[in-house]
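As structure tokens, the structure follows; a few thoughts come after it.
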Amino acid sequence: STSISSSSSSAASVSSTFSTPDTLSRTKNLKQDDKKKKQQRKNDFSQRFHHLFSWDKHQRIQIREVALMPNANTTDANDVPYPFIPKWIRSQCGVPTTTKENIESSTEMIRLGPLNRSLAFIRPHKTGSTTIKGVVQRITFGRGGIEMISADKTYLGWPNRFPGSEVVGLQDVLRTTKYDSFSHHSVLAVEDPSIYKQYLKEPVCVFTILREPLSRTISAFHFFGEDDDDFDSWRDFLDKYQQQTQVKGWKPAVYMNNLAFSLGWYHQAHIGGLTAHDHNRTLIRDFIKKVDKQLDFVMILEHMVESLVLWKDLAVPELQLEELVWYDANTEHKPSKIYPTDSEQEELKQMLLLDTMIYNHFK
């Protein structure tokens with residue numbers, strides 16, 4: 001009885017301690033401060049989002065593909081106000097040198113110095129990845145870095161394993177340093193993630209961009225299918241690719257579950273390039289967990305601006321916001337596009353279960 005009474009008295013004492021007006025006021029103030037901080041973070045993000053959106057709307061029309069790709073049309077080479085490629089890169093690539101103003105701006109940008117990390121960009125097809133490739137290249141060249149490129153300026157091993165056998169100047173670079181980035185098509189080294197440290201400066205930021213699988217496949221159908229004699233309609237396409245038992249070579253890899261292919265699903269030893277497990281949800285979930293651990297960031301095409309702002313905030317905070325401005329690439333609109341019927345779309349969704357599970361997880 002004494003013990004209970006004593007305990008009750010103690011409880012009352014504790015209760016009274018935490019119920020004083022001063023204490024309640026402090027608690028209320030802390031909650032208000034916390035709420036203000038959350039709102040401030042939200043406002044900061046909103047400001048960065050609108051800043052980038054506004055910058056993009058007004059200035060991206062001035063950014064030309066010639067600033068990114070050595071083999072691009074050079075008509076507008078001297079009209080690129082920002083970003084740029086440093087003079088020594090342009091001369092090596094056979095692109096006209098920049099104007100005096102651009103050379104001055106390049107010197108200014110290089111003063112920012114290299115990033116505190118390297119960038120490993122995994123590029124599924126028709127996901128906006130060429131656009132992000134341009135961002136990565138401008139960041140790399142603008143800060144005086146070295147990009148890991150292949151002889152064909154397109155693939156680093158893809159559709160086979162990273163990095164392939166045709167990396168330009170590989171031994172010369174690795175004798176003295178490592179690369180600052182790569183952005184050509186490659187397959188995520190999901191079974192050997194340490195391989196990136198052999199070629200890239202540490203730490204390495206490994207990231208990718210995804211797109212809703214049905215719209216991605218429709219886009220690939222129109223982009224690549226124009227020169228493809230294998231099918232003339234969605235019915236032909238479905239009849240061909242629903243029967244595929246393995247995904248090897250560039251055509252199946254581009255059309256069938258390309259997100260999964262680029263993230264290394266078919267390169268796993270127990271999958272061996274076969275489609276037999278494409279509907280095994282347990283294996284797919286295990287694969288997604290593995291990929292999730294390896295990727296530092298995942299962009300979503302349908303939320304491009306938010307993805308870029310968050311990539312900067314969470315993965316590469318030393319970037320300047322203006323370095324994220326992009327130029328749309330490979331977005332030409334073809335007048336006579338063929339779209340799948342409702343029933344064909346349902347068949348496509350069944351075929352794309354693997355990509356859909358990956359997309360939904362990261363979205």
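By convention in this document, the chains of the structure tokens carry letters A, B, ... by their order, each chain's residues are numbered from 1, and ligands are numbered from 1 in the order they are shown.
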(request) Using backbone DSSP assignments, extract all helix (DSSP H, G or I) residues from range 162-284 of chain A; output them as a PyMOL selection string. (result) chain A and resi 170-176+195-199+213-225+234-241+250-255+258-262+265-267+281-284
(message) Taking 2 positions as the minimum chain separation for residues in the same chain, which residues sit within 9 Å of range 212-214 of chain A when counting only C-alpha atoms? Answer as a ChimeraX atom specification.
(response) /A:127,210,216-219,257-259,300-302,345,348-349,352-353,355-356,359-360
Could you save those same residues with N, CA, C and O atoms as an mmCIF file, in the first residue's frame?
```cif
data_model
loop_
_atom_site.group_PDB
_atom_site.id
_atom_site.type_symbol
_atom_site.label_atom_id
_atom_site.label_comp_id
_atom_site.auth_asym_id
_atom_site.auth_seq_id
_atom_site.Cartn_x
_atom_site.Cartn_y
_atom_site.Cartn_z
ATOM 1 N N THR A 127 14.103 6.619 -72.358
ATOM 2 C CA THR A 127 13.651 7.037 -71.023
ATOM 3 C C THR A 127 14.020 8.494 -70.731
ATOM 4 O O THR A 127 13.923 8.929 -69.585
ATOM 5 N N LEU A 210 14.215 6.132 -65.178
ATOM 6 C CA LEU A 210 13.208 5.159 -65.590
ATOM 7 C C LEU A 210 12.011 5.874 -66.206
ATOM 8 O O LEU A 210 11.792 7.062 -65.964
ATOM 9 N N ARG A 216 7.260 3.699 -72.664
ATOM 10 C CA ARG A 216 8.633 3.513 -73.140
ATOM 11 C C ARG A 216 8.680 2.555 -74.328
ATOM 12 O O ARG A 216 9.380 2.791 -75.319
ATOM 13 N N THR A 217 7.924 1.457 -74.244
ATOM 14 C CA THR A 217 7.917 0.469 -75.314
ATOM 15 C C THR A 217 7.278 1.028 -76.586
ATOM 16 O O THR A 217 7.761 0.789 -77.701
ATOM 17 N N ILE A 218 6.216 1.807 -76.425
ATOM 18 C CA ILE A 218 5.583 2.450 -77.583
ATOM 19 C C ILE A 218 6.570 3.410 -78.246
ATOM 20 O O ILE A 218 6.692 3.464 -79.474
ATOM 21 N N SER A 219 7.303 4.145 -77.425
ATOM 22 C CA SER A 219 8.309 5.065 -77.946
ATOM 23 C C SER A 219 9.413 4.304 -78.688
ATOM 24 O O SER A 219 9.843 4.719 -79.766
ATOM 25 N N ASN A 257 11.319 -5.426 -71.909
ATOM 26 C CA ASN A 257 11.775 -5.157 -70.534
ATOM 27 C C ASN A 257 13.156 -4.509 -70.508
ATOM 28 O O ASN A 257 14.078 -4.965 -69.837
ATOM 29 N N ASN A 258 13.266 -3.406 -71.250
ATOM 30 C CA ASN A 258 14.563 -2.746 -71.386
ATOM 31 C C ASN A 258 15.074 -2.159 -70.075
ATOM 32 O O ASN A 258 16.290 -2.063 -69.863
ATOM 33 N N LEU A 259 14.164 -1.753 -69.178
ATOM 34 C CA LEU A 259 14.615 -1.248 -67.871
ATOM 35 C C LEU A 259 15.353 -2.350 -67.131
ATOM 36 O O LEU A 259 16.456 -2.148 -66.607
ATOM 37 N N ILE A 300 12.968 9.787 -62.523
ATOM 38 C CA ILE A 300 11.755 9.341 -63.203
ATOM 39 C C ILE A 300 11.452 10.339 -64.318
ATOM 40 O O ILE A 300 11.318 11.541 -64.050
ATOM 41 N N LEU A 301 11.366 9.865 -65.544
ATOM 42 C CA LEU A 301 11.166 10.763 -66.684
ATOM 43 C C LEU A 301 9.921 11.627 -66.514
ATOM 44 O O LEU A 301 9.951 12.822 -66.821
ATOM 45 N N GLU A 302 8.841 11.036 -66.022
ATOM 46 C CA GLU A 302 7.599 11.782 -65.881
ATOM 47 C C GLU A 302 7.700 12.902 -64.841
ATOM 48 O O GLU A 302 6.800 13.747 -64.754
ATOM 49 N N GLN A 345 -2.615 -3.453 -75.755
ATOM 50 C CA GLN A 345 -1.970 -2.830 -74.592
ATOM 51 C C GLN A 345 -1.982 -3.773 -73.394
ATOM 52 O O GLN A 345 -1.000 -3.841 -72.641
ATOM 53 N N LEU A 348 0.708 -6.220 -73.919
ATOM 54 C CA LEU A 348 2.011 -5.584 -73.658
ATOM 55 C C LEU A 348 2.272 -5.483 -72.156
ATOM 56 O O LEU A 348 3.388 -5.737 -71.695
ATOM 57 N N LYS A 349 1.253 -5.110 -71.406
ATOM 58 C CA LYS A 349 1.420 -4.985 -69.951
ATOM 59 C C LYS A 349 1.808 -6.318 -69.325
ATOM 60 O O LYS A 349 2.625 -6.369 -68.396
ATOM 61 N N LEU A 352 5.369 -6.907 -70.017
ATOM 62 C CA LEU A 352 6.235 -5.938 -69.342
ATOM 63 C C LEU A 352 6.105 -5.971 -67.817
ATOM 64 O O LEU A 352 6.463 -5.004 -67.145
ATOM 65 N N LEU A 353 5.615 -7.062 -67.256
ATOM 66 C CA LEU A 353 5.460 -7.152 -65.795
ATOM 67 C C LEU A 353 6.770 -6.852 -65.072
ATOM 68 O O LEU A 353 6.799 -6.123 -64.075
ATOM 69 N N ASP A 355 9.437 -5.018 -65.980
ATOM 70 C CA ASP A 355 9.732 -3.585 -65.985
ATOM 71 C C ASP A 355 8.754 -2.809 -65.114
ATOM 72 O O ASP A 355 9.130 -1.853 -64.431
ATOM 73 N N THR A 356 7.504 -3.213 -65.137
ATOM 74 C CA THR A 356 6.479 -2.501 -64.373
ATOM 75 C C THR A 356 6.741 -2.596 -62.875
ATOM 76 O O THR A 356 6.596 -1.605 -62.134
ATOM 77 N N TYR A 359 9.656 -0.252 -62.128
ATOM 78 C CA TYR A 359 9.219 1.151 -62.212
ATOM 79 C C TYR A 359 8.371 1.546 -60.998
ATOM 80 O O TYR A 359 8.596 2.591 -60.376
ATOM 81 N N ASN A 360 7.401 0.700 -60.668
ATOM 82 C CA ASN A 360 6.512 1.016 -59.548
ATOM 83 C C ASN A 360 7.270 1.076 -58.214
ATOM 84 O O ASN A 360 6.937 1.883 -57.334
#
```
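Of the residues under consideration (A:Met351, A:Leu319, A:Val291, A:Val135), A:Met351 shows the shortest atom-to-atom contact distance to Thr275 in chain A when counting only C-alpha atoms.
Each of A:His277, A:Lys248, A:His222, A:Lys133 was checked against Pro340 in chain A using only C-alpha atoms; the smallest atom-to-atom distance is that of A:His222.
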For Tyr179 in chain A, please output as a short mmCIF file (atom, residue, chain, number, x, y, z; two decimals) with all heavy atoms, in the first residue's frame all residues within 12 Å (counting only C-alpha atoms; exclusion window: fewer than 5 positions along the same chain).
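See out_32.cif below for the written result:
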```cif
data_model
loop_
_atom_site.label_atom_id
_atom_site.label_comp_id
_atom_site.auth_asym_id
_atom_site.auth_seq_id
_atom_site.Cartn_x
_atom_site.Cartn_y
_atom_site.Cartn_z
N PRO A 114 36.65 20.00 -59.91
CA PRO A 114 35.95 18.72 -60.10
C PRO A 114 34.95 18.47 -58.99
O PRO A 114 35.05 19.04 -57.90
CB PRO A 114 37.10 17.70 -60.08
CG PRO A 114 38.18 18.36 -59.30
CD PRO A 114 38.07 19.82 -59.60
N LEU A 115 34.00 17.60 -59.27
CA LEU A 115 33.04 17.20 -58.25
C LEU A 115 33.74 16.38 -57.17
O LEU A 115 34.84 15.87 -57.38
CB LEU A 115 31.93 16.36 -58.88
CG LEU A 115 31.00 17.06 -59.88
CD1 LEU A 115 30.02 16.04 -60.46
CD2 LEU A 115 30.24 18.20 -59.22
N ARG A 117 32.80 13.60 -56.33
CA ARG A 117 32.46 12.20 -56.65
C ARG A 117 32.44 12.06 -58.16
O ARG A 117 32.42 13.05 -58.89
CB ARG A 117 31.09 11.86 -56.07
CG ARG A 117 29.93 12.54 -56.74
CD ARG A 117 28.78 12.77 -55.80
NE ARG A 117 29.09 13.89 -54.92
CZ ARG A 117 28.89 13.84 -53.59
NH1 ARG A 117 28.39 12.77 -53.03
NH2 ARG A 117 29.18 14.89 -52.84
N SER A 118 32.46 10.84 -58.63
CA SER A 118 32.30 10.59 -60.06
C SER A 118 30.86 10.17 -60.33
O SER A 118 30.12 9.79 -59.41
CB SER A 118 33.27 9.50 -60.54
OG SER A 118 33.03 8.29 -59.83
N LEU A 119 30.45 10.25 -61.60
CA LEU A 119 29.06 9.99 -61.98
C LEU A 119 28.99 8.79 -62.92
O LEU A 119 29.59 8.81 -63.99
CB LEU A 119 28.46 11.21 -62.67
CG LEU A 119 28.54 12.53 -61.89
CD1 LEU A 119 28.01 13.69 -62.73
CD2 LEU A 119 27.79 12.43 -60.57
N ALA A 120 28.27 7.76 -62.50
CA ALA A 120 28.07 6.57 -63.33
C ALA A 120 26.60 6.51 -63.71
O ALA A 120 25.75 6.18 -62.87
CB ALA A 120 28.48 5.31 -62.57
N THR A 140 30.66 17.27 -66.55
CA THR A 140 32.01 16.70 -66.60
C THR A 140 32.98 17.63 -67.32
O THR A 140 34.02 18.00 -66.79
CB THR A 140 32.00 15.32 -67.29
OG1 THR A 140 31.08 14.47 -66.61
CG2 THR A 140 33.39 14.69 -67.28
N PHE A 141 32.64 18.01 -68.56
CA PHE A 141 33.53 18.86 -69.35
C PHE A 141 33.64 20.25 -68.74
O PHE A 141 34.71 20.86 -68.73
CB PHE A 141 33.02 18.97 -70.79
CG PHE A 141 32.98 17.65 -71.51
CD1 PHE A 141 32.02 17.40 -72.48
CD2 PHE A 141 33.90 16.64 -71.24
CE1 PHE A 141 31.97 16.20 -73.16
CE2 PHE A 141 33.85 15.43 -71.90
CZ PHE A 141 32.89 15.20 -72.87
N GLY A 144 36.21 20.43 -66.14
CA GLY A 144 37.54 19.96 -66.53
C GLY A 144 37.77 18.49 -66.29
O GLY A 144 38.92 18.06 -66.13
N GLY A 145 36.70 17.69 -66.25
CA GLY A 145 36.84 16.27 -65.98
C GLY A 145 37.06 15.42 -67.23
O GLY A 145 37.09 15.93 -68.35
N ILE A 146 37.20 14.13 -67.03
CA ILE A 146 37.43 13.18 -68.13
C ILE A 146 36.27 12.20 -68.16
O ILE A 146 35.96 11.56 -67.15
CB ILE A 146 38.74 12.40 -67.93
CG1 ILE A 146 39.92 13.36 -67.75
CG2 ILE A 146 39.00 11.46 -69.11
CD1 ILE A 146 41.20 12.66 -67.33
N GLU A 147 35.64 12.07 -69.32
CA GLU A 147 34.55 11.12 -69.46
C GLU A 147 35.05 9.82 -70.08
O GLU A 147 35.86 9.82 -70.99
CB GLU A 147 33.42 11.68 -70.32
CG GLU A 147 32.23 10.71 -70.36
CD GLU A 147 31.15 11.13 -71.32
OE1 GLU A 147 31.47 11.79 -72.32
OE2 GLU A 147 29.99 10.76 -71.08
N MET A 148 34.55 8.73 -69.58
CA MET A 148 34.88 7.40 -70.11
C MET A 148 33.99 7.16 -71.34
O MET A 148 32.77 7.12 -71.23
CB MET A 148 34.60 6.34 -69.04
CG MET A 148 35.03 4.95 -69.39
SD MET A 148 34.70 3.86 -67.96
CE MET A 148 35.41 2.33 -68.55
N ILE A 149 34.61 7.07 -72.52
CA ILE A 149 33.84 6.89 -73.74
C ILE A 149 34.36 5.70 -74.53
O ILE A 149 35.49 5.26 -74.35
CB ILE A 149 33.88 8.15 -74.64
CG1 ILE A 149 35.32 8.45 -75.07
CG2 ILE A 149 33.26 9.34 -73.94
CD1 ILE A 149 35.41 9.55 -76.12
N VAL A 167 37.05 0.95 -74.99
CA VAL A 167 37.12 2.23 -74.29
C VAL A 167 38.29 3.02 -74.82
O VAL A 167 39.42 2.53 -74.90
CB VAL A 167 37.26 2.03 -72.77
CG1 VAL A 167 37.36 3.38 -72.06
CG2 VAL A 167 36.09 1.22 -72.22
N VAL A 168 38.03 4.27 -75.21
CA VAL A 168 39.06 5.10 -75.82
C VAL A 168 40.08 5.55 -74.78
O VAL A 168 39.72 6.09 -73.73
CB VAL A 168 38.43 6.35 -76.49
CG1 VAL A 168 39.50 7.29 -77.01
CG2 VAL A 168 37.51 5.91 -77.61
N GLY A 169 41.38 5.32 -75.06
CA GLY A 169 42.45 5.81 -74.20
C GLY A 169 42.46 5.25 -72.80
O GLY A 169 42.99 5.87 -71.88
N LEU A 170 41.88 4.06 -72.61
CA LEU A 170 41.71 3.50 -71.27
C LEU A 170 43.03 3.42 -70.50
O LEU A 170 43.14 3.93 -69.38
CB LEU A 170 41.07 2.11 -71.37
CG LEU A 170 40.86 1.37 -70.05
CD1 LEU A 170 39.85 2.13 -69.19
CD2 LEU A 170 40.36 -0.05 -70.29
N GLN A 171 44.03 2.77 -71.08
CA GLN A 171 45.29 2.58 -70.37
C GLN A 171 46.01 3.88 -70.09
O GLN A 171 46.62 4.07 -69.04
CB GLN A 171 46.20 1.61 -71.16
CG GLN A 171 45.61 0.22 -71.35
CD GLN A 171 45.16 -0.39 -70.02
OE1 GLN A 171 45.83 -0.27 -68.99
NE2 GLN A 171 44.00 -1.04 -70.04
N ASP A 172 45.91 4.83 -71.05
CA ASP A 172 46.57 6.12 -70.85
C ASP A 172 45.97 6.85 -69.65
O ASP A 172 46.68 7.45 -68.85
CB ASP A 172 46.42 6.99 -72.10
CG ASP A 172 47.24 6.46 -73.26
OD1 ASP A 172 48.23 5.74 -73.00
OD2 ASP A 172 46.89 6.74 -74.42
N VAL A 173 44.66 6.81 -69.54
CA VAL A 173 43.99 7.50 -68.43
C VAL A 173 44.31 6.82 -67.10
O VAL A 173 44.69 7.47 -66.13
CB VAL A 173 42.46 7.54 -68.65
CG1 VAL A 173 41.76 8.05 -67.39
CG2 VAL A 173 42.12 8.43 -69.84
N LEU A 174 44.17 5.49 -67.08
CA LEU A 174 44.34 4.77 -65.81
C LEU A 174 45.78 4.77 -65.30
O LEU A 174 46.02 4.45 -64.15
CB LEU A 174 43.83 3.33 -65.96
CG LEU A 174 42.31 3.19 -66.20
CD1 LEU A 174 41.90 1.72 -66.22
CD2 LEU A 174 41.51 3.94 -65.14
N TYR A 196 33.11 -0.56 -60.74
CA TYR A 196 33.12 0.87 -61.04
C TYR A 196 34.31 1.57 -60.39
O TYR A 196 34.85 2.54 -60.92
CB TYR A 196 31.81 1.52 -60.60
CG TYR A 196 30.61 1.00 -61.38
CD1 TYR A 196 29.50 0.50 -60.72
CD2 TYR A 196 30.61 1.00 -62.77
CE1 TYR A 196 28.41 0.01 -61.43
CE2 TYR A 196 29.54 0.52 -63.48
CZ TYR A 196 28.44 0.01 -62.82
OH TYR A 196 27.37 -0.47 -63.53
N LYS A 197 34.74 1.07 -59.24
CA LYS A 197 35.87 1.68 -58.54
C LYS A 197 37.19 1.47 -59.29
O LYS A 197 38.16 2.18 -59.05
CB LYS A 197 35.98 1.12 -57.13
CG LYS A 197 34.77 1.48 -56.26
CD LYS A 197 34.87 0.85 -54.88
CE LYS A 197 33.64 1.14 -54.03
NZ LYS A 197 33.71 0.50 -52.70
N GLN A 198 37.22 0.50 -60.19
CA GLN A 198 38.43 0.27 -60.97
C GLN A 198 38.64 1.38 -62.01
O GLN A 198 39.76 1.65 -62.42
CB GLN A 198 38.35 -1.07 -61.70
CG GLN A 198 38.30 -2.28 -60.79
CD GLN A 198 38.14 -3.57 -61.58
OE1 GLN A 198 38.63 -3.69 -62.71
NE2 GLN A 198 37.44 -4.54 -61.00
N TYR A 199 37.54 2.01 -62.43
CA TYR A 199 37.61 2.97 -63.52
C TYR A 199 37.27 4.40 -63.11
O TYR A 199 37.74 5.36 -63.73
CB TYR A 199 36.65 2.55 -64.64
CG TYR A 199 36.94 1.19 -65.20
CD1 TYR A 199 36.25 0.07 -64.75
CD2 TYR A 199 37.93 1.01 -66.17
CE1 TYR A 199 36.52 -1.20 -65.25
CE2 TYR A 199 38.21 -0.25 -66.69
CZ TYR A 199 37.51 -1.35 -66.22
OH TYR A 199 37.79 -2.60 -66.72
N LEU A 200 36.45 4.55 -62.07
CA LEU A 200 35.96 5.87 -61.69
C LEU A 200 36.52 6.33 -60.35
O LEU A 200 36.79 5.52 -59.46
CB LEU A 200 34.43 5.86 -61.60
CG LEU A 200 33.69 5.57 -62.91
CD1 LEU A 200 32.23 5.28 -62.63
CD2 LEU A 200 33.81 6.74 -63.88
N LYS A 201 36.67 7.63 -60.21
CA LYS A 201 37.15 8.20 -58.95
C LYS A 201 36.12 7.97 -57.85
O LYS A 201 34.92 8.06 -58.09
CB LYS A 201 37.39 9.71 -59.13
CG LYS A 201 38.51 10.03 -60.13
CD LYS A 201 38.59 11.50 -60.44
CE LYS A 201 39.67 11.76 -61.50
NZ LYS A 201 39.68 13.17 -61.95
N GLU A 202 36.60 7.67 -56.67
CA GLU A 202 35.69 7.41 -55.54
C GLU A 202 35.43 8.70 -54.76
O GLU A 202 36.29 9.57 -54.68
CB GLU A 202 36.31 6.35 -54.63
CG GLU A 202 36.46 4.99 -55.31
CD GLU A 202 36.97 3.94 -54.35
OE1 GLU A 202 36.33 3.76 -53.29
OE2 GLU A 202 38.02 3.33 -54.64
N PRO A 203 34.23 8.80 -54.17
CA PRO A 203 33.11 7.86 -54.24
C PRO A 203 32.40 7.96 -55.58
O PRO A 203 32.49 8.98 -56.27
CB PRO A 203 32.20 8.30 -53.10
CG PRO A 203 32.46 9.77 -52.99
CD PRO A 203 33.91 9.96 -53.29
N VAL A 204 31.68 6.91 -55.95
CA VAL A 204 30.98 6.86 -57.22
C VAL A 204 29.48 7.00 -56.98
O VAL A 204 28.91 6.29 -56.15
CB VAL A 204 31.24 5.52 -57.95
CG1 VAL A 204 30.54 5.51 -59.30
CG2 VAL A 204 32.75 5.27 -58.11
#
```
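Taking the backbone of this structure through DSSP, the residues of range 181-300 of chain A that come out as strand (DSSP E) are Ser181, Phe182, Val204, Cys205, Val206, Phe207, Thr208, Ile209, Leu210, Phe297, Val298, Met299 and Ile300 of chain A.
Taking CA of Ala220 in chain A and CA of Phe121 in chain A as endpoints, the distance between them is 19.9 Å.
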